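Here's the structure we're looking at; comments come further down.
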Amino acid sequence: MDEVSFEFAPAGEDFPDDLRQIKIEVNGVELPELVREAELPAARADEDEEIAGNYIGLVAGYMRIDLAGQFLGGQGTPMFTGSEGKTALLGCGCGEVGCSPLMARVTVTDDTVTWNDFEQPTRPDWDYEHFGPFTFDRAQYERALMAIAD
């Protein structure tokens, strides 16, 4: 099983000091870093390596985020939902999730939560076939998510 952690963290030096993102780590590695490795081949083909992994966690200062809806297979926050039942796990590095989000299908069973079928809607030719799936123990996943709910 994979392991996930969520935390509210500063959004970064390009953002106001009080703006927070939902930082996600999978197996101890920040999710944008994992995605960058998967996106590098396509970014190199497009001759633009800087856009690979250019994501930030969902920014919790712009609007209220329904954590259960967003990360537990619900409807998500309307601004963050995509086609085919997918939801945004990360927003564009500019801070606007609608610009270039990392989308995935979140499937919840009694025992597991799985992220798979990743896509970048603004770059439909990029291949995520070998990225994921990530399958988490549901109890561990929910504990990690609830740690930021307060």
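FYI, nothing fancy with the structure tokens labels: chains A, B, ... in order, residues from 1 per chain, ligands from 1 as they appear.
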Report task. Among the residues of chain A, find those DSSP assigns to strand (DSSP E or B) from the backbone and print them as a PyMOL selection string. Result -> chain A and resi 2+4-10+20-26+29-30+55-57+59+81+86-92+102-108+112-119+134-137
Go ahead and save the residues from that selection, with C-alpha atoms, as a PDB file, in the first residue's frame.
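Dumped everything to out.pdb:
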ATOM      1  CA  ASP A   2       1.045   3.544  -0.644  1.00  0.00           C
ATOM      2  CA  VAL A   4      -0.270   9.679   1.872  1.00  0.00           C
ATOM      3  CA  SER A   5       0.055  12.798   3.976  1.00  0.00           C
ATOM      4  CA  PHE A   6      -1.746  16.116   3.710  1.00  0.00           C
ATOM      5  CA  GLU A   7      -0.759  19.363   5.387  1.00  0.00           C
ATOM      6  CA  PHE A   8      -1.503  23.042   5.152  1.00  0.00           C
ATOM      7  CA  ALA A   9       1.735  24.716   4.134  1.00  0.00           C
ATOM      8  CA  PRO A  10       2.710  28.157   2.875  1.00  0.00           C
ATOM      9  CA  ARG A  20      -1.864  28.224   2.348  1.00  0.00           C
ATOM     10  CA  GLN A  21      -1.840  25.230   0.037  1.00  0.00           C
ATOM     11  CA  ILE A  22      -2.835  21.647   0.682  1.00  0.00           C
ATOM     12  CA  LYS A  23       0.554  19.979   0.346  1.00  0.00           C
ATOM     13  CA  ILE A  24       0.368  16.282  -0.532  1.00  0.00           C
ATOM     14  CA  GLU A  25       3.118  13.722  -0.105  1.00  0.00           C
ATOM     15  CA  VAL A  26       2.923  10.173  -1.418  1.00  0.00           C
ATOM     16  CA  VAL A  29       7.736  12.508  -1.722  1.00  0.00           C
ATOM     17  CA  GLU A  30       5.862  15.699  -2.609  1.00  0.00           C
ATOM     18  CA  TYR A  55       1.939  22.498  -9.663  1.00  0.00           C
ATOM     19  CA  ILE A  56       0.950  23.738  -6.257  1.00  0.00           C
ATOM     20  CA  GLY A  57      -1.392  22.131  -3.787  1.00  0.00           C
ATOM     21  CA  VAL A  59      -4.887  26.887  -2.443  1.00  0.00           C
ATOM     22  CA  THR A  81     -14.062  18.980 -10.605  1.00  0.00           C
ATOM     23  CA  LYS A  86     -12.187  13.180 -12.034  1.00  0.00           C
ATOM     24  CA  THR A  87     -11.074  15.752  -9.521  1.00  0.00           C
ATOM     25  CA  ALA A  88      -8.069  18.047  -9.213  1.00  0.00           C
ATOM     26  CA  LEU A  89      -5.380  16.896  -6.816  1.00  0.00           C
ATOM     27  CA  LEU A  90      -3.061  19.796  -7.642  1.00  0.00           C
ATOM     28  CA  GLY A  91      -3.524  23.221  -9.155  1.00  0.00           C
ATOM     29  CA  CYS A  92      -1.358  25.074 -11.636  1.00  0.00           C
ATOM     30  CA  LEU A 102      -3.505  17.620 -12.313  1.00  0.00           C
ATOM     31  CA  MET A 103      -6.684  15.560 -12.471  1.00  0.00           C
ATOM     32  CA  ALA A 104      -7.253  11.987 -11.294  1.00  0.00           C
ATOM     33  CA  ARG A 105     -10.038   9.569 -10.612  1.00  0.00           C
ATOM     34  CA  VAL A 106     -10.476   9.000  -6.859  1.00  0.00           C
ATOM     35  CA  THR A 107     -12.049   5.627  -6.114  1.00  0.00           C
ATOM     36  CA  VAL A 108     -13.102   4.807  -2.565  1.00  0.00           C
ATOM     37  CA  THR A 112      -8.873   1.569   0.125  1.00  0.00           C
ATOM     38  CA  VAL A 113      -8.656   4.895  -1.683  1.00  0.00           C
ATOM     39  CA  THR A 114      -7.094   4.778  -5.149  1.00  0.00           C
ATOM     40  CA  TRP A 115      -5.867   7.602  -7.383  1.00  0.00           C
ATOM     41  CA  ASN A 116      -5.552   6.615 -11.027  1.00  0.00           C
ATOM     42  CA  ASP A 117      -6.342   7.674 -14.585  1.00  0.00           C
ATOM     43  CA  PHE A 118      -4.318  10.885 -14.245  1.00  0.00           C
ATOM     44  CA  GLU A 119      -4.548  13.641 -16.807  1.00  0.00           C
ATOM     45  CA  PHE A 134      -1.615   4.952  -5.965  1.00  0.00           C
ATOM     46  CA  THR A 135      -3.634   2.827  -3.551  1.00  0.00           C
ATOM     47  CA  PHE A 136      -3.895   3.875   0.076  1.00  0.00           C
ATOM     48  CA  ASP A 137      -5.283   2.154   3.139  1.00  0.00           C
TER      49      ASP A 137
END
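Residue nearest Asp46 of chain A within the list A:Glu3, A:Trp126, A:Glu13, A:Gln70: A:Trp126 [criterion: smallest interatomic distance, only C-alpha atoms].
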Query raised in the report: Would you give me, as a VMD selection string, the residues in segment 47-143 of chain A that DSSP reads as helix (DSSP H, G or I)?
Result: chain A and resid 49 to 51 67 to 71 78 to 80 83 to 85 138 to 143
Report summary line: One residue among A:Glu50, A:Leu31, A:Leu67, A:Gly12 is nearest to Gly132 of chain A when using only C-alpha atoms, and that residue is A:Leu31
